[in-house]
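Asks: Pasting my_file35.pdb below, which is PDB, C-alpha atoms and all ligand atoms.
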ATOM      1  CA  MET W1206       2.774  22.568 -17.453
ATOM      2  CA  ALA W1207       1.173  22.886 -14.083
ATOM      3  CA  LEU W1208      -2.494  23.282 -14.575
ATOM      4  CA  ALA W1209      -3.232  26.966 -14.366
ATOM      5  CA  VAL W1210      -6.657  28.115 -13.365
ATOM      6  CA  PRO W1211      -8.853  27.623 -16.438
ATOM      7  CA  ALA W1212     -10.085  30.733 -18.159
ATOM      8  CA  ALA W1213     -13.696  29.713 -17.684
ATOM      9  CA  PRO W1214     -15.177  30.016 -14.217
ATOM     10  CA  LEU W1215     -14.670  26.794 -12.272
ATOM     11  CA  SER W1216     -17.552  27.236  -9.900
ATOM     12  CA  VAL W1217     -19.614  24.292  -8.848
ATOM     13  CA  GLY W1218     -21.171  23.695 -12.257
ATOM     14  CA  GLY W1219     -17.891  23.986 -14.193
ATOM     15  CA  ALA W1220     -15.865  21.121 -15.619
ATOM     16  CA  THR W1221     -13.138  19.527 -13.493
ATOM     17  CA  PRO W1222      -9.713  20.301 -14.984
ATOM     18  CA  VAL W1223      -7.566  17.553 -16.508
ATOM     19  CA  ILE W1224      -3.778  17.276 -16.180
ATOM     20  CA  ALA W1225      -2.154  16.211 -19.463
ATOM     21  CA  TRP W1226      -0.439  12.792 -19.603
ATOM     22  CA  ARG W1227       2.654  14.533 -20.966
ATOM     23  CA  GLU W1228       3.013  16.385 -17.693
ATOM     24  CA  LEU W1229       2.113  13.401 -15.497
ATOM     25  CA  ALA W1230       4.323  10.776 -17.132
ATOM     26  CA  PRO W1231       7.731  11.658 -15.600
ATOM     27  CA  TRP W1232       6.234  12.108 -12.120
ATOM     28  CA  LEU W1233       4.396   8.796 -12.325
ATOM     29  CA  LEU W1234       7.445   6.971 -13.671
ATOM     30  CA  PHE W1235       9.629   8.246 -10.854
ATOM     31  CA  ALA W1236       7.006   7.494  -8.195
ATOM     32  CA  VAL W1237       6.591   3.937  -9.464
ATOM     33  CA  LEU W1238      10.373   3.371  -9.409
ATOM     34  CA  ALA W1239      10.650   4.807  -5.879
ATOM     35  CA  ALA W1240       7.746   2.658  -4.716
ATOM     36  CA  VAL W1241       9.256  -0.502  -6.194
ATOM     37  CA  ALA W1242      12.624   0.232  -4.551
ATOM     38  CA  VAL W1243      11.101   0.838  -1.102
ATOM     39  CA  LEU W1244       8.763  -2.143  -1.450
ATOM     40  CA  PHE W1245      11.790  -4.258  -2.231
ATOM     41  CA  PHE W1246      13.773  -3.129   0.801
ATOM     42  CA  VAL W1247      10.895  -3.288   3.259
ATOM     43  CA  GLY W1248       9.125  -6.224   1.658
ATOM     44  CA  SER W1249      11.784  -8.596   0.456
ATOM     45  CA  GLU W1250      15.485  -7.617   0.837
ATOM     46  CA  GLN W1251      17.526 -10.411   2.439
ATOM     47  CA  GLY W1252      14.561 -12.740   2.198
ATOM     48  CA  ALA W1253      14.219 -14.463  -1.151
ATOM     49  CA  VAL W1254      16.651 -12.021  -2.827
ATOM     50  CA  SER W1255      19.517  -9.960  -1.394
ATOM     51  CA  VAL W1256      21.262  -6.792  -2.522
ATOM     52  CA  PHE W1257      23.281  -6.428   0.678
ATOM     53  CA  ALA W1258      24.831  -9.419   2.415
ATOM     54  CA  GLY W1259      23.764 -10.398   5.908
ATOM     55  CA  THR W1260      20.411  -9.967   7.599
ATOM     56  CA  ALA W1261      20.583  -6.462   9.116
ATOM     57  CA  VAL W1262      18.049  -4.837   6.739
ATOM     58  CA  HIS W1263      15.747  -7.848   7.065
ATOM     59  CA  GLU W1264      15.943  -7.821  10.861
ATOM     60  CA  PHE W1265      15.507  -4.044  11.147
ATOM     61  CA  VAL W1266      12.247  -3.830   9.173
ATOM     62  CA  HIS W1267      11.262  -7.358  10.211
ATOM     63  CA  ASP W1268       8.062  -6.579  12.127
ATOM     64  CA  ALA W1269       6.832  -4.137   9.470
ATOM     65  CA  ARG W1270       7.402  -6.807   6.824
ATOM     66  CA  HIS W1271       5.286  -9.334   8.697
ATOM     67  CA  LEU W1272       2.506  -6.933   9.666
ATOM     68  CA  LEU W1273       2.244  -5.305   6.221
ATOM     69  CA  GLY W1274       1.685  -8.790   4.832
ATOM     70  CA  TYR W1275       4.908  -9.459   2.894
ATOM     71  CA  PRO W1276       6.423 -12.942   2.951
ATOM     72  CA  CYS W1277       9.301 -12.913   5.444
ATOM     73  CA  HIS W1278      10.810 -16.356   5.776
TER      74      HIS W1278
ATOM     75  CA  MET M 660      -3.572  21.921  -8.915
ATOM     76  CA  GLY M 661      -0.637  20.517 -10.845
ATOM     77  CA  ALA M 662       1.232  17.216 -10.569
ATOM     78  CA  ARG M 663       3.637  18.770  -8.068
ATOM     79  CA  SER M 664       0.930  19.766  -5.587
ATOM     80  CA  PHE M 665      -0.660  16.314  -5.853
ATOM     81  CA  LEU M 666       2.702  14.723  -5.041
ATOM     82  CA  VAL M 667       3.202  17.011  -2.029
ATOM     83  CA  HIS M 668      -0.324  16.240  -0.799
ATOM     84  CA  GLY M 669       0.313  12.526  -1.316
ATOM     85  CA  LEU M 670       3.604  12.542   0.581
ATOM     86  CA  LEU M 671       2.008  14.397   3.489
ATOM     87  CA  ALA M 672      -0.887  11.935   3.524
ATOM     88  CA  GLY M 673       1.580   9.044   3.363
ATOM     89  CA  LEU M 674       3.596  10.365   6.300
ATOM     90  CA  VAL M 675       0.478  10.660   8.457
ATOM     91  CA  ALA M 676      -0.755   7.255   7.287
ATOM     92  CA  GLY M 677       2.609   5.619   7.977
ATOM     93  CA  LEU M 678       2.614   6.950  11.543
ATOM     94  CA  LEU M 679      -0.999   5.845  12.007
ATOM     95  CA  ALA M 680      -0.140   2.370  10.680
ATOM     96  CA  PHE M 681       2.788   2.250  13.100
ATOM     97  CA  GLY M 682       0.465   3.107  15.987
ATOM     98  CA  VAL M 683      -1.911   0.300  15.044
ATOM     99  CA  ALA M 684       0.939  -2.132  14.378
ATOM    100  CA  TYR M 685       2.608  -1.359  17.685
ATOM    101  CA  THR M 686      -0.531  -1.648  19.796
ATOM    102  CA  VAL M 687      -2.455  -4.509  18.158
ATOM    103  CA  GLY M 688       0.243  -6.127  15.993
ATOM    104  CA  GLU M 689       3.158  -6.550  18.372
ATOM    105  CA  PRO M 690       1.401  -8.799  20.954
ATOM    106  CA  PRO M 691       0.679 -11.567  18.402
ATOM    107  CA  VAL M 692       4.144 -11.116  16.834
ATOM    108  CA  ASP M 693       5.730 -11.632  20.256
ATOM    109  CA  ALA M 694       3.482 -14.635  20.888
ATOM    110  CA  ALA M 695       4.476 -16.113  17.513
ATOM    111  CA  ILE M 696       8.187 -15.604  18.241
ATOM    112  CA  ALA M 697       7.715 -17.370  21.571
ATOM    113  CA  VAL M 698       6.146 -20.312  19.703
ATOM    114  CA  GLU M 699       9.022 -20.260  17.191
ATOM    115  CA  GLU M 700      11.642 -20.260  19.916
ATOM    116  CA  SER M 701      10.049 -23.028  21.952
ATOM    117  CA  ALA M 702       9.720 -25.132  18.789
ATOM    118  CA  ALA M 703      13.378 -24.505  17.947
ATOM    119  CA  ALA M 704      14.383 -25.396  21.506
ATOM    120  CA  HIS M 705      12.434 -28.670  21.311
ATOM    121  CA  GLU M 706      13.821 -29.637  17.941
ATOM    122  CA  GLY M 707      17.273 -28.766  19.164
ATOM    123  CA  ASP M 708      18.540 -28.001  15.671
ATOM    124  CA  GLY M 709      19.731 -24.670  14.312
ATOM    125  CA  HIS M 710      16.680 -22.772  13.132
ATOM    126  CA  ALA M 711      16.952 -21.193   9.710
ATOM    127  CA  HIS M 712      15.627 -17.808  10.751
ATOM    128  CA  SER M 713      16.406 -16.572  14.207
ATOM    129  CA  HIS M 714      14.694 -13.700  15.960
ATOM    130  CA  ASP M 715      16.789 -14.171  19.051
ATOM    131  CA  GLU M 716      18.854 -11.140  19.959
ATOM    132  CA  SER M 717      21.672 -13.350  21.188
ATOM    133  CA  ALA M 718      21.843 -15.185  17.856
ATOM    134  CA  GLY M 719      24.641 -13.171  16.318
ATOM    135  CA  ALA M 720      26.366  -9.839  15.908
ATOM    136  CA  GLU M 721      24.063  -8.796  13.069
ATOM    137  CA  ALA M 722      20.801  -9.498  14.862
ATOM    138  CA  VAL M 723      18.689  -6.490  15.704
ATOM    139  CA  SER M 724      17.115  -6.498  19.159
ATOM    140  CA  ARG M 725      13.370  -7.076  19.518
ATOM    141  CA  GLU M 726      13.203  -3.664  21.182
ATOM    142  CA  VAL M 727      14.494  -1.996  17.987
ATOM    143  CA  GLN M 728      12.470  -4.252  15.681
ATOM    144  CA  SER M 729       9.192  -3.441  17.404
ATOM    145  CA  THR M 730       9.742   0.326  17.626
ATOM    146  CA  ILE M 731      12.108   2.222  15.332
ATOM    147  CA  GLY M 732      12.410  -0.632  12.831
ATOM    148  CA  LEU M 733       8.651  -1.058  12.628
ATOM    149  CA  ALA M 734       8.104   2.712  12.318
ATOM    150  CA  THR M 735      10.771   2.995   9.593
ATOM    151  CA  GLY M 736       9.042   0.285   7.590
ATOM    152  CA  THR M 737       5.512   1.653   7.888
ATOM    153  CA  VAL M 738       6.523   5.291   7.271
ATOM    154  CA  ALA M 739       8.703   4.392   4.256
ATOM    155  CA  ILE M 740       5.866   2.377   2.738
ATOM    156  CA  GLY M 741       3.390   5.128   3.658
ATOM    157  CA  LEU M 742       5.476   7.781   1.893
ATOM    158  CA  VAL M 743       5.885   5.904  -1.390
ATOM    159  CA  LEU M 744       2.286   4.671  -1.499
ATOM    160  CA  GLY M 745       1.000   8.113  -0.496
ATOM    161  CA  GLY M 746       3.085   9.807  -3.182
ATOM    162  CA  LEU M 747       1.942   7.304  -5.782
ATOM    163  CA  ALA M 748      -1.693   7.652  -4.696
ATOM    164  CA  GLY M 749      -1.326  11.442  -4.998
ATOM    165  CA  LEU M 750      -0.009  11.222  -8.561
ATOM    166  CA  LEU M 751      -2.604   8.641  -9.579
ATOM    167  CA  SER M 752      -5.238  11.006  -8.189
ATOM    168  CA  ALA M 753      -3.714  13.727 -10.376
ATOM    169  CA  ALA M 754      -4.120  11.384 -13.347
ATOM    170  CA  ALA M 755      -7.715  10.592 -12.331
ATOM    171  CA  LEU M 756      -8.600  14.273 -12.021
ATOM    172  CA  GLY M 757     -11.402  15.086 -14.465
ATOM    173  CA  ARG M 758     -11.014  11.679 -16.138
ATOM    174  CA  LEU M 759     -13.493   9.652 -14.069
ATOM    175  CA  GLY M 760     -16.901  10.636 -15.381
ATOM    176  CA  SER M 761     -18.369  13.588 -13.555
ATOM    177  CA  LEU M 762     -16.520  12.947 -10.291
ATOM    178  CA  ARG M 763     -15.194  16.040  -8.541
ATOM    179  CA  PRO M 764     -11.526  16.074  -7.437
ATOM    180  CA  ALA M 765     -12.366  14.820  -3.933
ATOM    181  CA  GLY M 766     -14.488  12.000  -5.375
ATOM    182  CA  SER M 767     -11.912  10.805  -7.897
ATOM    183  CA  THR M 768      -9.161  10.987  -5.251
ATOM    184  CA  ALA M 769     -11.176   8.939  -2.762
ATOM    185  CA  LEU M 770     -11.916   6.381  -5.500
ATOM    186  CA  VAL M 771      -8.205   6.080  -6.367
ATOM    187  CA  CYS M 772      -7.390   5.426  -2.695
ATOM    188  CA  ALA M 773     -10.192   2.875  -2.360
ATOM    189  CA  LEU M 774      -8.971   1.037  -5.474
ATOM    190  CA  GLY M 775      -5.429   1.149  -4.073
ATOM    191  CA  PHE M 776      -6.549  -0.505  -0.851
ATOM    192  CA  VAL M 777      -8.588  -3.178  -2.620
ATOM    193  CA  SER M 778      -6.111  -4.042  -5.380
ATOM    194  CA  PHE M 779      -2.820  -3.576  -3.531
ATOM    195  CA  ALA M 780      -3.731  -4.721  -0.006
ATOM    196  CA  LEU M 781      -7.089  -6.464   0.425
ATOM    197  CA  VAL M 782      -7.134  -8.805  -2.584
ATOM    198  CA  PRO M 783      -3.490  -9.917  -2.128
ATOM    199  CA  PHE M 784      -4.255 -10.496   1.574
ATOM    200  CA  LEU M 785      -7.254 -12.689   0.703
ATOM    201  CA  LYS M 786      -5.104 -14.931  -1.522
ATOM    202  CA  TYR M 787      -1.891 -14.839   0.507
ATOM    203  CA  PRO M 788      -2.765 -13.782   4.057
ATOM    204  CA  SER M 789       0.037 -12.364   6.203
ATOM    205  CA  THR M 790       2.023 -14.933   8.119
ATOM    206  CA  PRO M 791       3.477 -14.388  11.586
ATOM    207  CA  PRO M 792       6.989 -15.577  12.488
ATOM    208  CA  ALA M 793       7.094 -19.408  12.753
ATOM    209  CA  VAL M 794       4.393 -19.891  10.106
ATOM    210  CA  GLY M 795       5.603 -20.727   6.604
ATOM    211  CA  ASP M 796       8.231 -23.168   5.457
ATOM    212  CA  PRO M 797      11.593 -21.357   4.953
ATOM    213  CA  THR M 798      12.344 -23.629   1.996
ATOM    214  CA  THR M 799       9.379 -22.185   0.054
ATOM    215  CA  ILE M 800      10.250 -18.500   0.629
ATOM    216  CA  ASP M 801      11.331 -17.995  -3.009
ATOM    217  CA  GLY M 802       8.092 -19.379  -4.397
ATOM    218  CA  ARG M 803       5.947 -17.543  -1.864
ATOM    219  CA  THR M 804       7.702 -14.236  -2.526
ATOM    220  CA  ALA M 805       7.330 -14.604  -6.307
ATOM    221  CA  ALA M 806       3.687 -15.678  -6.019
ATOM    222  CA  PHE M 807       2.806 -12.860  -3.612
ATOM    223  CA  PHE M 808       4.400 -10.054  -5.622
ATOM    224  CA  GLY M 809       3.281 -11.548  -8.932
ATOM    225  CA  PHE M 810      -0.326 -11.773  -7.758
ATOM    226  CA  THR M 811      -0.191  -8.260  -6.270
ATOM    227  CA  ALA M 812       1.218  -6.834  -9.525
ATOM    228  CA  LEU M 813      -1.471  -8.617 -11.530
ATOM    229  CA  SER M 814      -4.160  -7.255  -9.209
ATOM    230  CA  VAL M 815      -2.934  -3.667  -9.620
ATOM    231  CA  VAL M 816      -2.623  -4.009 -13.407
ATOM    232  CA  ALA M 817      -6.135  -5.508 -13.531
ATOM    233  CA  ALA M 818      -7.502  -2.594 -11.482
ATOM    234  CA  VAL M 819      -5.894  -0.050 -13.822
ATOM    235  CA  GLY M 820      -7.241  -2.017 -16.790
ATOM    236  CA  ALA M 821     -10.710  -2.114 -15.227
ATOM    237  CA  VAL M 822     -10.732   1.670 -14.848
ATOM    238  CA  ALA M 823      -9.625   2.055 -18.484
ATOM    239  CA  LEU M 824     -12.398  -0.341 -19.559
ATOM    240  CA  GLY M 825     -14.957   1.626 -17.571
ATOM    241  CA  ARG M 826     -13.852   4.906 -19.142
ATOM    242  CA  ARG M 827     -14.119   3.338 -22.600
ATOM    243  CA  LEU M 828     -17.665   2.088 -21.986
ATOM    244  CA  VAL M 829     -19.089   5.066 -20.139
ATOM    245  CA  GLY M 830     -19.786   7.084 -23.285
ATOM    246  CA  SER M 831     -21.693   4.370 -25.120
ATOM    247  CA  HIS M 832     -23.285   2.414 -22.254
ATOM    248  CA  GLY M 833     -23.617   4.860 -19.384
ATOM    249  CA  GLY M 834     -22.125   5.038 -15.918
ATOM    250  CA  TYR M 835     -23.818   2.054 -14.338
ATOM    251  CA  ALA M 836     -22.873  -0.433 -17.081
ATOM    252  CA  ALA M 837     -19.327   0.951 -17.225
ATOM    253  CA  CYS M 838     -18.797   0.550 -13.464
ATOM    254  CA  ALA M 839     -20.392  -2.903 -13.438
ATOM    255  CA  ALA M 840     -18.232  -4.085 -16.346
ATOM    256  CA  ALA M 841     -15.108  -2.695 -14.691
ATOM    257  CA  ALA M 842     -15.859  -4.396 -11.371
ATOM    258  CA  VAL M 843     -16.788  -7.737 -12.944
ATOM    259  CA  GLY M 844     -13.754  -7.589 -15.240
ATOM    260  CA  TYR M 845     -11.400  -6.949 -12.334
ATOM    261  CA  LEU M 846     -12.939  -9.750 -10.257
ATOM    262  CA  ALA M 847     -12.796 -12.184 -13.183
ATOM    263  CA  VAL M 848      -9.048 -11.586 -13.577
ATOM    264  CA  VAL M 849      -8.094 -11.810  -9.891
ATOM    265  CA  VAL M 850     -10.381 -14.731  -9.083
ATOM    266  CA  THR M 851      -9.030 -16.705 -12.070
ATOM    267  CA  ALA M 852      -5.460 -15.966 -10.995
ATOM    268  CA  ALA M 853      -6.210 -16.790  -7.359
ATOM    269  CA  VAL M 854      -7.626 -20.176  -8.365
ATOM    270  CA  ALA M 855      -4.740 -20.911 -10.742
ATOM    271  CA  LEU M 856      -1.865 -19.852  -8.472
ATOM    272  CA  PRO M 857      -0.607 -22.244  -5.800
ATOM    273  CA  GLY M 858      -1.499 -21.733  -2.164
ATOM    274  CA  PHE M 859       1.053 -22.122   0.600
ATOM    275  CA  GLU M 860      -0.979 -23.408   3.491
ATOM    276  CA  GLY M 861       0.400 -25.251   6.440
ATOM    277  CA  ALA M 862       0.338 -23.506   9.798
ATOM    278  CA  GLY M 863       1.024 -26.906  11.368
ATOM    279  CA  ASP M 864       0.288 -26.893  15.066
ATOM    280  CA  PHE M 865       0.749 -23.126  15.367
ATOM    281  CA  PRO M 866      -1.956 -21.845  17.765
ATOM    282  CA  ALA M 867      -5.016 -20.849  15.714
ATOM    283  CA  ASP M 868      -6.008 -17.958  17.955
ATOM    284  CA  THR M 869      -2.566 -16.347  17.668
ATOM    285  CA  LEU M 870      -2.674 -16.783  13.884
ATOM    286  CA  TRP M 871      -6.110 -15.157  13.701
ATOM    287  CA  GLU M 872      -5.062 -12.355  16.031
ATOM    288  CA  PHE M 873      -1.972 -11.683  13.916
ATOM    289  CA  ARG M 874      -3.879 -11.697  10.623
ATOM    290  CA  ARG M 875      -6.605  -9.454  11.973
ATOM    291  CA  ALA M 876      -3.924  -7.047  13.229
ATOM    292  CA  SER M 877      -2.171  -7.154   9.855
ATOM    293  CA  LEU M 878      -5.391  -6.310   8.029
ATOM    294  CA  LEU M 879      -6.002  -3.458  10.478
ATOM    295  CA  VAL M 880      -2.504  -2.106   9.784
ATOM    296  CA  LEU M 881      -3.189  -2.160   6.027
ATOM    297  CA  ALA M 882      -6.581  -0.528   6.577
ATOM    298  CA  ALA M 883      -4.993   2.168   8.760
ATOM    299  CA  LEU M 884      -2.353   2.815   6.102
ATOM    300  CA  TRP M 885      -4.812   3.170   3.223
ATOM    301  CA  GLY M 886      -7.497   4.800   5.333
ATOM    302  CA  GLY M 887      -4.966   7.399   6.480
ATOM    303  CA  ILE M 888      -3.828   8.068   2.908
ATOM    304  CA  ALA M 889      -7.442   8.348   1.704
ATOM    305  CA  LEU M 890      -8.570  10.622   4.514
ATOM    306  CA  VAL M 891      -5.677  13.098   4.392
ATOM    307  CA  LEU M 892      -5.148  13.116   0.621
ATOM    308  CA  THR M 893      -8.841  13.599  -0.147
ATOM    309  CA  GLY M 894      -9.045  16.405   2.388
ATOM    310  CA  LEU M 895      -6.006  18.212   0.979
ATOM    311  CA  VAL M 896      -7.128  17.817  -2.643
ATOM    312  CA  ASP M 897     -10.604  19.080  -1.778
ATOM    313  CA  ARG M 898      -9.142  22.082   0.020
ATOM    314  CA  SER M 899      -6.926  23.135  -2.881
ATOM    315  CA  TRP M 900      -9.812  22.553  -5.299
ATOM    316  CA  ARG M 901     -12.049  24.858  -3.281
ATOM    317  CA  ARG M 902      -9.329  27.490  -3.288
ATOM    318  CA  ALA M 903      -8.874  27.202  -7.050
ATOM    319  CA  VAL M 904     -12.632  27.577  -7.518
ATOM    320  CA  GLN M 905     -12.679  30.644  -5.302
ATOM    321  CA  VAL M 906      -9.819  32.263  -7.209
ATOM    322  CA  ALA M 907     -11.441  31.470 -10.557
ATOM    323  CA  ASP M 908     -14.795  32.818  -9.431
ATOM    324  CA  ARG M 909     -13.182  36.001  -8.199
ATOM    325  CA  GLN M 910     -11.353  36.431 -11.499
ATOM    326  CA  ALA M 911     -14.542  35.803 -13.447
ATOM    327  CA  LEU M 912     -16.345  38.361 -11.333
ATOM    328  CA  ALA M 913     -13.540  40.884 -11.826
ATOM    329  CA  ALA M 914     -13.578  40.280 -15.579
ATOM    330  CA  SER M 915     -17.322  40.815 -15.765
ATOM    331  CA  LEU M 916     -17.174  44.210 -14.058
TER     332      LEU M 916
HETATM  333 ZN    ZN A   1      10.176 -13.008  10.302
END
Mind turning the file's structure into structure tokens?
Ligand SMILES: [Zn+2]
Replies:
Amino acid sequence: MALAVPAAPLSVGGATPVIAWRELAPWLLFAVLAAVAVLFFVGSEQGAVSVFAGTAVHEFVHDARHLLGYPCH
Amino acid sequence: MGARSFLVHGLLAGLVAGLLAFGVAYTVGEPPVDAAIAVEESAAAHEGDGHAHSHDESAGAEAVSREVQSTIGLATGTVAIGLVLGGLAGLLSAAALGRLGSLRPAGSTALVCALGFVSFALVPFLKYPSTPPAVGDPTTIDGRTAAFFGFTALSVVAAVGAVALGRRLVGSHGGYAACAAAAVGYLAVVVTAAVALPGFEGAGDFPADTLWEFRRASLLVLAALWGGIALVLTGLVDRSWRRAVQVADRQALAASL
């Protein structure tokens, strides 16, 4: 569950709370999948590999692909 | 301070960072991109053959104009990348919370962002620096794409492994030895991989100053992206931490009365 305020006082000397892996796992999994999908479309779609035919996606994000350092063509 | 609030903080940081990266890319990145496209087009005109990859707006119905590419297209790319990397950085900061020695939330968050920049942007850039249009042989795009993403993935996995190694050693060997072992371990992995993996050099007679200007701009864009994420995310995490401390202190005071 969301980390509630610990029972013990947090103040400057207190321990930093920890969020359990059980709670983090689904969030992290989803974030990694979303990141991979976006990285693919901005970084590589219609370059080495294509999901959609044509070059529209490639051309649209073209300058971002070059300047963010992904191989373009 | 749950996973949800870290994700919200991360997405906000990523949005700001994506816009900042767009600003840098538009102002310092577009001039060398335009110069590179001019080189590409004059080379294509001299060769007189159909160039594999055309940036010319008159090339076909599907081509996107340079105007769109350098504005809305560029902004879409940087903001989309900013959002996913910001969100991921937020959740990794949630995972790092209280798990990195005695670091406070702001400290562990800033460290996560710094490691993200180094492992996901700087080290891949040093092995496979960004290439402007006209640089890079179109026939090697498959190999270059696989090598770039493979090396980047290895770098990120090595960074995560290095942090795990450091956490394992900190109890028995202390903070300094744990950090040193983590850093040396990470470098050993990426340097070995960088030496083993093929390079794809060959700028040909592309003007060196344009290439340098482009690569410097590209590195600045990556620095703006990660710097923006680090600055905003750390600030937001620190703010909600201070609030949580205040609430807890007030409750403790109330309980003691
Ligand atoms: Zn290109």
Asks: Quick one: which residues from chain W are at most 7 Å off chain M, using all atoms listed in the file, as a ChimeraX atom specification?
Replies: /W:1207-1208,1210,1214-1216,1221-1224,1229,1233,1236-1237,1239-1240,1243-1244,1247,1253,1260-1261,1264-1269,1271-1276,1278
Asks: Evaluate the PyMOL selection byres (((chain M and resi 768) around 8) and not hetatm) and record the selected residues as a list of chain:residue names, following the chain and residue labels used in the document.
Replies: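 Selection result, ordered by chain and number: M:Gly749, M:Ser752, M:Ala753, M:Ala755, M:Leu756, M:Pro764, M:Ala765, M:Gly766, M:Ser767, M:Ala769, M:Leu770, M:Val771, M:Cys772, M:Ala889, M:Leu892, M:Thr893, M:Val896.
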Asks: Tell me, in Å to one decimal, how far CA of Thr686 in chain M is from CA of Val698 in chain M.
Replies: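 So the answer is 19.8 Å.
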Asks: Let me make sure I understand: among M:Ala853, M:Gly886, M:Leu670, M:Phe865, which one has the smallest atom-to-atom distance to Leu774 in chain M if we use all atoms listed in the file?
Replies: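 Looking only at the distances to Leu774 in chain M, the closest residue turns out to be M:Gly886.
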Asks: Of the candidates M:Ala676, M:Val854, M:Gly682, M:Ile696, which shows the shortest atom-to-atom distance to ligand ZN 1 (chain A), using all atoms listed in the file?
Replies: M:Ile696
Asks: Go ahead and compute the interatomic distance for CA of Arg1227 in chain W and CA of Phe665 in chain M, in Å to one decimal.
Replies: 15.6 Å
Asks: Could you spell out the hits of the PyMOL selection byres (((chain M and resi 848) around 10) and not hetatm) on the shown file, as a ChimeraX atom specification?
Replies: /M:813-814,816-818,821,843-847,849-853
Asks: Which value, in Å to one decimal, gives the distance between CA of Gly673 in chain M and CA of Gly887 in chain M?
Replies: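 Between these atoms lies a distance of 7.4 Å.
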